[in-house]
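Source file data_28.cif; content: mmCIF, C-alpha atoms.
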```cif
data_start
loop_
_atom_site.label_atom_id
_atom_site.label_comp_id
_atom_site.auth_asym_id
_atom_site.auth_seq_id
_atom_site.Cartn_x
_atom_site.Cartn_y
_atom_site.Cartn_z
CA MET P 1 -51.78 -58.16 28.38
CA ALA P 2 -50.07 -56.72 31.37
CA ARG P 3 -52.27 -54.67 33.64
CA PRO P 4 -50.51 -52.16 35.89
CA LEU P 5 -52.03 -51.16 39.22
CA ILE P 6 -50.70 -48.04 40.88
CA ASN P 7 -51.49 -46.45 44.20
CA VAL P 8 -50.66 -42.74 44.54
CA PRO P 9 -52.46 -40.44 46.96
CA GLN P 10 -54.74 -38.05 45.03
CA LYS P 11 -53.99 -35.14 47.33
CA ALA P 12 -51.01 -34.24 49.46
CA LYS P 13 -49.56 -31.28 51.31
CA ARG P 14 -46.43 -29.76 49.83
CA GLY P 15 -43.41 -31.45 51.40
CA ASP P 16 -45.30 -34.55 52.52
CA ILE P 17 -43.49 -37.85 52.08
CA ILE P 18 -45.90 -40.07 50.15
CA GLU P 19 -45.73 -43.79 49.50
CA ILE P 20 -46.21 -45.03 45.96
CA LYS P 21 -47.13 -48.65 45.36
CA THR P 22 -47.04 -50.33 41.96
CA LEU P 23 -48.03 -53.78 40.76
CA ILE P 24 -48.03 -55.16 37.23
CA SER P 25 -49.24 -58.54 36.02
CA HIS P 26 -46.32 -60.42 34.48
CA ILE P 27 -45.22 -64.07 34.59
CA MET P 28 -41.55 -63.22 35.43
CA GLU P 29 -40.40 -66.54 33.95
CA THR P 30 -36.94 -67.14 35.40
CA GLY P 31 -35.36 -69.08 32.54
CA PHE P 32 -34.33 -71.79 35.01
CA ARG P 33 -37.43 -73.95 34.76
CA HIS P 34 -38.22 -76.83 32.42
CA ASP P 35 -41.53 -77.82 30.83
CA ASN P 36 -43.10 -81.27 31.08
CA VAL P 37 -40.91 -82.68 28.28
CA GLY P 38 -37.70 -81.36 29.80
CA GLN P 39 -37.21 -78.40 27.48
CA PRO P 40 -35.93 -75.26 29.19
CA ILE P 41 -38.49 -72.44 29.32
CA PRO P 42 -36.82 -69.24 28.03
CA ARG P 43 -36.45 -66.28 30.36
CA ASN P 44 -39.22 -63.68 30.13
CA ILE P 45 -38.97 -61.01 32.80
CA ILE P 46 -39.41 -57.30 33.35
CA THR P 47 -35.89 -55.90 33.60
CA SER P 48 -36.44 -52.27 34.44
CA PHE P 49 -38.86 -49.90 36.12
CA VAL P 50 -38.75 -46.10 36.11
CA ALA P 51 -40.93 -43.51 37.84
CA ARG P 52 -40.97 -39.85 36.75
CA TYR P 53 -42.59 -36.95 38.59
CA ASN P 54 -43.51 -34.17 36.13
CA GLY P 55 -40.88 -35.60 33.79
CA GLU P 56 -38.07 -35.80 36.35
CA GLU P 57 -36.88 -39.29 37.27
CA ILE P 58 -37.50 -39.95 40.97
CA PHE P 59 -36.94 -43.70 41.22
CA SER P 60 -35.71 -46.57 39.08
CA ALA P 61 -35.06 -50.25 39.58
CA ASP P 62 -33.31 -53.09 37.77
CA LEU P 63 -35.24 -56.32 38.23
CA HIS P 64 -33.74 -59.80 38.16
CA PRO P 65 -35.37 -63.25 37.84
CA ALA P 66 -35.49 -63.41 41.65
CA ILE P 67 -38.37 -60.93 41.63
CA ALA P 68 -41.67 -62.75 42.12
CA ALA P 69 -44.33 -62.97 39.40
CA ASN P 70 -46.51 -59.85 39.12
CA PRO P 71 -43.78 -57.50 40.34
CA PHE P 72 -44.73 -55.30 43.27
CA ILE P 73 -42.53 -52.29 43.95
CA SER P 74 -43.12 -49.58 46.49
CA PHE P 75 -41.08 -46.49 47.29
CA PHE P 76 -41.42 -42.98 48.71
CA THR P 77 -41.25 -39.52 47.26
CA LEU P 78 -41.72 -35.92 48.36
CA ALA P 79 -44.92 -34.27 47.15
CA THR P 80 -43.42 -31.21 45.45
CA ASP P 81 -45.93 -29.97 42.88
CA SER P 82 -49.27 -30.87 41.42
CA GLY P 83 -48.93 -32.88 38.27
CA THR P 84 -48.44 -36.34 36.91
CA ILE P 85 -46.33 -39.27 38.02
CA ASP P 86 -45.49 -41.57 35.12
CA PHE P 87 -44.43 -45.19 35.45
CA GLU P 88 -42.69 -47.30 32.85
CA TRP P 89 -41.88 -51.00 32.85
CA SER P 90 -39.77 -52.69 30.18
CA GLY P 91 -38.39 -56.16 29.74
CA ASP P 92 -37.66 -59.22 27.63
CA ASN P 93 -39.29 -59.80 24.23
CA GLY P 94 -39.85 -56.08 23.76
CA PHE P 95 -42.14 -55.81 26.78
CA HIS P 96 -43.16 -52.22 27.45
CA GLU P 97 -45.96 -50.85 29.59
CA THR P 98 -46.76 -47.41 30.99
CA ALA P 99 -49.15 -45.96 33.53
CA SER P 100 -49.64 -42.57 35.11
CA ALA P 101 -51.33 -41.00 38.09
CA LYS P 102 -52.37 -37.43 38.86
CA ILE P 103 -51.56 -35.81 42.17
CA SER P 104 -52.70 -32.46 43.48
CA VAL P 105 -50.40 -30.78 45.96
CA GLU P 106 -51.58 -27.89 48.10
CA MET U 1 -32.66 -123.31 55.43
CA GLU U 2 -35.73 -122.93 53.22
CA PRO U 3 -35.67 -119.84 50.94
CA LYS U 4 -39.12 -118.89 52.36
CA ASP U 5 -37.56 -118.12 55.73
CA CYS U 6 -34.97 -115.83 54.21
CA PRO U 7 -35.81 -112.16 54.95
CA ILE U 8 -35.35 -111.18 51.28
CA VAL U 9 -37.21 -113.92 49.45
CA GLY U 10 -35.67 -114.95 46.15
CA ALA U 11 -32.99 -112.30 46.20
CA THR U 12 -29.52 -113.58 45.38
CA ARG U 13 -26.28 -111.95 46.38
CA ARG U 14 -25.86 -110.84 42.73
CA ASP U 15 -29.29 -109.14 42.73
CA LEU U 16 -28.43 -107.22 45.85
CA LEU U 17 -25.07 -106.11 44.45
CA LEU U 18 -26.71 -104.91 41.21
CA ALA U 19 -29.38 -103.04 43.13
CA GLY U 20 -26.70 -101.34 45.19
CA LEU U 21 -24.75 -100.34 42.07
CA ALA U 22 -27.86 -98.95 40.40
CA GLY U 23 -28.60 -96.89 43.49
CA ALA U 24 -25.07 -95.49 43.61
CA GLY U 25 -25.23 -94.71 39.87
CA ALA U 26 -28.51 -92.84 40.26
CA ALA U 27 -27.03 -90.79 43.07
CA LEU U 28 -23.98 -89.91 40.96
CA ILE U 29 -25.87 -88.72 37.88
CA ARG U 30 -28.40 -86.64 39.81
CA ILE U 31 -27.96 -83.26 38.16
CA ARG U 32 -27.79 -80.24 40.42
CA PRO U 33 -29.08 -77.05 38.78
CA ALA U 34 -26.70 -74.09 38.62
CA ALA U 35 -26.94 -72.11 41.83
CA ALA U 36 -25.50 -68.92 43.21
CA THR U 37 -23.05 -69.54 46.01
CA PRO U 38 -21.85 -67.28 48.80
CA ASP U 39 -18.84 -66.71 46.51
CA SER U 40 -20.92 -65.61 43.54
CA MET U 41 -22.86 -63.31 45.85
CA LYS U 42 -19.56 -61.77 46.95
CA ARG U 43 -18.61 -61.28 43.31
CA ALA U 44 -21.97 -59.64 42.55
CA ILE U 45 -21.53 -57.30 45.53
CA HIS U 46 -17.97 -56.56 44.39
CA GLN U 47 -19.30 -55.54 40.96
CA VAL U 48 -21.45 -52.91 42.66
CA VAL U 49 -19.12 -51.59 45.36
CA GLY U 50 -15.73 -52.15 43.72
CA GLU U 51 -12.90 -51.91 46.24
CA ALA U 52 -14.81 -49.67 48.66
CA PRO U 53 -15.30 -51.08 52.17
CA VAL U 54 -18.83 -52.17 53.08
CA ARG U 55 -19.71 -51.40 56.68
CA LYS U 56 -22.44 -53.04 58.75
CA GLY U 57 -25.22 -50.74 59.88
CA LYS U 58 -27.73 -48.07 58.82
CA VAL U 59 -29.62 -50.68 56.76
CA THR U 60 -32.63 -52.66 57.99
CA ILE U 61 -34.04 -55.67 56.12
CA GLU U 62 -37.63 -56.65 56.80
CA VAL U 63 -38.26 -60.21 55.66
CA PRO U 64 -40.05 -63.08 57.38
CA ALA U 65 -37.68 -65.39 59.27
CA LEU U 66 -39.68 -68.46 58.20
CA VAL U 67 -41.16 -68.63 54.70
CA GLU U 68 -43.65 -71.33 53.71
CA ASN U 69 -43.70 -70.50 50.01
CA GLY U 70 -40.50 -69.25 48.43
CA ASN U 71 -42.33 -68.12 45.29
CA THR U 72 -43.49 -64.88 46.86
CA VAL U 73 -41.69 -63.40 49.82
CA ALA U 74 -42.34 -59.86 51.03
CA LEU U 75 -39.17 -57.82 51.37
CA ALA U 76 -38.58 -54.28 52.59
CA VAL U 77 -35.28 -52.46 52.98
CA GLU U 78 -34.97 -49.22 54.91
CA VAL U 79 -31.85 -47.09 55.23
CA GLN U 80 -31.28 -44.46 57.92
CA SER U 81 -30.60 -41.22 56.10
CA PRO U 82 -31.77 -37.61 56.32
CA MET U 83 -32.27 -37.72 52.50
CA THR U 84 -30.97 -34.20 51.92
CA SER U 85 -29.06 -33.18 48.80
CA GLN U 86 -25.81 -33.32 50.83
CA ASP U 87 -26.51 -36.64 52.54
CA HIS U 88 -28.80 -39.16 50.88
CA VAL U 89 -29.05 -42.75 49.72
CA LYS U 90 -28.18 -43.12 46.04
CA ALA U 91 -28.94 -46.80 45.61
CA ILE U 92 -30.18 -49.88 47.42
CA HIS U 93 -29.14 -53.30 46.14
CA VAL U 94 -30.36 -56.69 47.35
CA PHE U 95 -28.46 -59.96 46.92
CA ASN U 96 -29.03 -63.60 47.83
CA GLU U 97 -26.80 -66.60 48.36
CA LYS U 98 -28.54 -69.60 46.86
CA ASN U 99 -30.94 -68.62 44.08
CA PRO U 100 -29.66 -69.45 40.56
CA LEU U 101 -28.47 -65.84 40.28
CA PRO U 102 -27.12 -63.68 43.11
CA ASN U 103 -28.91 -60.41 42.22
CA VAL U 104 -32.45 -59.63 43.38
CA ILE U 105 -33.05 -55.94 42.72
CA SER U 106 -31.08 -52.72 42.32
CA THR U 107 -32.88 -49.44 42.93
CA ARG U 108 -31.73 -45.86 42.48
CA LEU U 109 -33.06 -43.12 44.73
CA SER U 110 -32.62 -39.37 44.92
CA PRO U 111 -33.05 -36.77 47.69
CA ARG U 112 -36.58 -36.38 46.34
CA ALA U 113 -37.47 -39.76 47.89
CA GLY U 114 -37.75 -38.15 51.34
CA ARG U 115 -37.47 -41.56 52.91
CA ALA U 116 -35.05 -44.32 51.87
CA ARG U 117 -37.33 -47.31 51.95
CA ILE U 118 -38.22 -49.78 49.21
CA ALA U 119 -40.46 -52.83 49.22
CA THR U 120 -40.99 -55.65 46.76
CA ARG U 121 -41.76 -59.37 46.63
CA PHE U 122 -39.12 -61.85 45.60
CA ARG U 123 -38.34 -65.55 45.21
CA LEU U 124 -36.20 -67.76 47.39
CA ALA U 125 -34.87 -71.07 46.08
CA ASP U 126 -33.52 -72.25 49.42
CA THR U 127 -32.94 -71.45 53.06
CA GLN U 128 -30.32 -68.74 52.87
CA THR U 129 -28.94 -65.33 53.79
CA ILE U 130 -30.13 -62.12 52.14
CA VAL U 131 -27.80 -59.11 51.93
CA ALA U 132 -28.83 -55.50 51.29
CA VAL U 133 -26.24 -52.89 50.39
CA ALA U 134 -26.91 -49.13 50.44
CA GLU U 135 -24.79 -46.67 48.49
CA MET U 136 -24.64 -43.21 50.09
CA SER U 137 -24.09 -39.86 48.38
CA ASP U 138 -20.66 -39.58 50.07
CA GLY U 139 -19.58 -42.81 48.35
CA SER U 140 -19.73 -45.03 51.43
CA PHE U 141 -21.47 -48.42 51.46
CA TRP U 142 -23.51 -49.87 54.32
CA SER U 143 -25.08 -53.29 54.55
CA ALA U 144 -27.25 -55.64 56.54
CA SER U 145 -28.03 -59.32 56.23
CA ALA U 146 -31.00 -61.49 57.18
CA ASP U 147 -31.42 -65.25 57.43
CA VAL U 148 -34.53 -66.81 55.95
CA ILE U 149 -35.73 -70.40 56.32
CA VAL U 150 -37.71 -71.61 53.29
CA THR U 151 -39.93 -74.70 53.33
CA LEU U 152 -41.24 -74.63 49.72
CA GLN U 153 -38.53 -73.61 47.28
CA ALA U 154 -39.02 -71.40 44.23
CA CYS U 155 -37.32 -70.99 40.84
CA LEU U 156 -36.26 -74.52 40.00
CA GLU U 157 -39.41 -76.62 39.99
CA SER U 158 -40.60 -78.14 36.69
CA LEU U 159 -44.05 -77.62 35.26
CA ASP U 160 -46.23 -80.70 35.64
#
```
Could you take the file, read its structure, and then write that structure out as structure tokens?
Amino acid sequence: MARPLINVPQKAKRGDIIEIKTLISHIMETGFRHDNVGQPIPRNIITSFVARYNGEEIFSADLHPAIAANPFISFFTLATDSGTIDFEWSGDNGFHETASAKISVE
Amino acid sequence: MEPKDCPIVGATRRDLLLAGLAGAGAALIRIRPAAATPDSMKRAIHQVVGEAPVRKGKVTIEVPALVENGNTVALAVEVQSPMTSQDHVKAIHVFNEKNPLPNVISTRLSPRAGRARIATRFRLADTQTIVAVAEMSDGSFWSASADVIVTLQACLESLD
């Protein structure tokens, strides 16, 4: 079970540039490794990440096998309104995980 | 001369020849895993930018110069931009030379970012050069590169 960790400031002033940090537990198996009997281990990675602020997409990323296990992604956004920031990860083998954080903007 | 005094006791000329051949054979059949090359990185960059020129500048890569463990390497890319609706960074792409695949991450930003900076952690299979390319709202491309020395390589090791 993948556990997302997100770090969004709870409060911000309108127009502040805030940093958002996200981390999700995932093996990010590259597909280039072999097990102890020489069989290739199939690729199993998170391929995409999207962040939405009150429903509007503010950031997205395509991930490749070069991203380390337990993908960490951080980015910035303007604090525009109070509301919810939603995060969505999806990947191989039907992987799908969501998380959300509330922010109050004064 | 007694065989005992010979530096390689009991070894005949034929033994030595066979040993040499076996060694050469082992070297020949050593399989190299598929790896991205500077050429495949160029192709991957070309897929993103097309025929547009890529200029040096505006982009800063923050990555350690010497990495002990290539399995997790902190990476940050910052692009100089006012991030207004007229002039902002649309995308930041990161590429590498020698991992099995040339792409690392592609991110899309909007003026709502306020600041064009991304950070992640990635893998490095070898000592190599990292390239970051930023796509601006006016359609221009800017890039920077960074050299990283890796002592423990990632991606290709087997599970024991």
Pairwise distance for atom CA of U:Ala134 and atom CA of U:Lys90, rounded to one decimal in Å: 7.6 Å
Which value, in Å to one decimal, gives the distance between atom CA of U:Pro102 and atom CA of U:Ala44?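 That distance, rounded to one decimal, is 6.6 Å.
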Which residues of chain U come within 9 Å of chain P, and what is each one's closest atom pair and distance in Å (one decimal), counting only C-alpha atoms, sorted by chain and residue number, as CSV?
```
residue,atom,partner,partner_atom,distance
U:Pro33,CA,P:Phe32,CA,8.3
U:Ala34,CA,P:Phe32,CA,8.7
U:Asn71,CA,P:Ala68,CA,6.3
U:Thr72,CA,P:Ala68,CA,5.5
U:Val73,CA,P:Ala68,CA,7.7
U:Ala76,CA,P:Ser74,CA,8.9
U:Asn96,CA,P:Ala66,CA,8.9
U:Asn99,CA,P:Ala66,CA,7.3
U:Pro100,CA,P:Phe32,CA,7.6
U:Leu101,CA,P:Ala66,CA,7.6
U:Pro102,CA,P:Ala66,CA,8.5
U:Asn103,CA,P:His64,CA,6.3
U:Val104,CA,P:Ala66,CA,5.2
U:Ile105,CA,P:Leu63,CA,5.0
U:Ser106,CA,P:Asp62,CA,5.1
U:Thr107,CA,P:Ala61,CA,4.1
U:Arg108,CA,P:Ser60,CA,5.3
U:Leu109,CA,P:Phe59,CA,5.3
U:Ser110,CA,P:Ile58,CA,6.3
U:Pro111,CA,P:Thr77,CA,8.7
U:Arg112,CA,P:Leu78,CA,5.5
U:Ala113,CA,P:Thr77,CA,3.8
U:Gly114,CA,P:Leu78,CA,5.4
U:Arg115,CA,P:Phe76,CA,5.9
U:Ala116,CA,P:Phe76,CA,7.2
U:Arg117,CA,P:Phe75,CA,6.0
U:Ile118,CA,P:Phe75,CA,4.8
U:Ala119,CA,P:Ser74,CA,5.0
U:Thr120,CA,P:Ile73,CA,4.6
U:Arg121,CA,P:Ala68,CA,5.6
U:Phe122,CA,P:Ile67,CA,4.1
U:Arg123,CA,P:Ala66,CA,5.0
U:Leu124,CA,P:Ala66,CA,7.2
U:Ala125,CA,P:Ala66,CA,8.9
U:Cys155,CA,P:Phe32,CA,6.6
U:Leu156,CA,P:Arg33,CA,5.4
U:Glu157,CA,P:Arg33,CA,6.2
U:Ser158,CA,P:His34,CA,5.1
U:Leu159,CA,P:Asp35,CA,5.1
U:Asp160,CA,P:Asn36,CA,5.6
```
Picked residues, the PyMOL selection byres ((chain P and resi 13) around 6), as a list in words: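 This file, filtered by the PyMOL selection byres ((chain P and resi 13) around 6), leaves Ala12, Arg14, Asp16, Val105 and Glu106 of chain P.
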What does the distance from atom CA of P:Ala99 to atom CA of P:Asn7 come to in Å, to one decimal?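 Separating atom CA of P:Ala99 from atom CA of P:Asn7 is a distance of 10.9 Å.
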For P:Asn54, work out the shell of residues within 10 Å, counting only C-alpha atoms and skipping chain neighbours fewer than 6 positions away, then give it as a VMD selection string. chain P and resid 80 to 86 102
Selection result for the PyMOL selection byres ((chain U and resi 89) around 6) on this file, as a ChimeraX atom specification: /U:88,90-91,135-137
Quick one: everything within 10 Å of U:Thr127, counting all atoms listed in the file, minus sequence neighbours fewer than 4 positions away in the same chain. Send it as JSON, numbers by chain. {"U": [65, 66, 67, 70, 97, 98, 99, 147, 148, 149, 150, 151, 152, 153]}
Only C-alpha atoms, please: the residues just picked out, written as a PDB file, in the coordinates of the input.
```pdb
ATOM      1  CA  ALA U  65     -37.680 -65.390  59.270  1.00  0.00           C
ATOM      2  CA  LEU U  66     -39.680 -68.460  58.200  1.00  0.00           C
ATOM      3  CA  VAL U  67     -41.160 -68.630  54.700  1.00  0.00           C
ATOM      4  CA  GLY U  70     -40.500 -69.250  48.430  1.00  0.00           C
ATOM      5  CA  GLU U  97     -26.800 -66.600  48.360  1.00  0.00           C
ATOM      6  CA  LYS U  98     -28.540 -69.600  46.860  1.00  0.00           C
ATOM      7  CA  ASN U  99     -30.940 -68.620  44.080  1.00  0.00           C
ATOM      8  CA  ASP U 147     -31.420 -65.250  57.430  1.00  0.00           C
ATOM      9  CA  VAL U 148     -34.530 -66.810  55.950  1.00  0.00           C
ATOM     10  CA  ILE U 149     -35.730 -70.400  56.320  1.00  0.00           C
ATOM     11  CA  VAL U 150     -37.710 -71.610  53.290  1.00  0.00           C
ATOM     12  CA  THR U 151     -39.930 -74.700  53.330  1.00  0.00           C
ATOM     13  CA  LEU U 152     -41.240 -74.630  49.720  1.00  0.00           C
ATOM     14  CA  GLN U 153     -38.530 -73.610  47.280  1.00  0.00           C
TER      15      GLN U 153
END
```
How big is the axis-aligned box, and where does its centre sit, when it encloses all atoms of stretch 128-147 of chain U listed in the file and has 4 Å added on every side, reported in Å to one decimal as JSON?
```
{"center_x": -25.5, "center_y": -54.2, "center_z": 52.9, "size_x": 19.8, "size_y": 37.2, "size_z": 17.1}
```
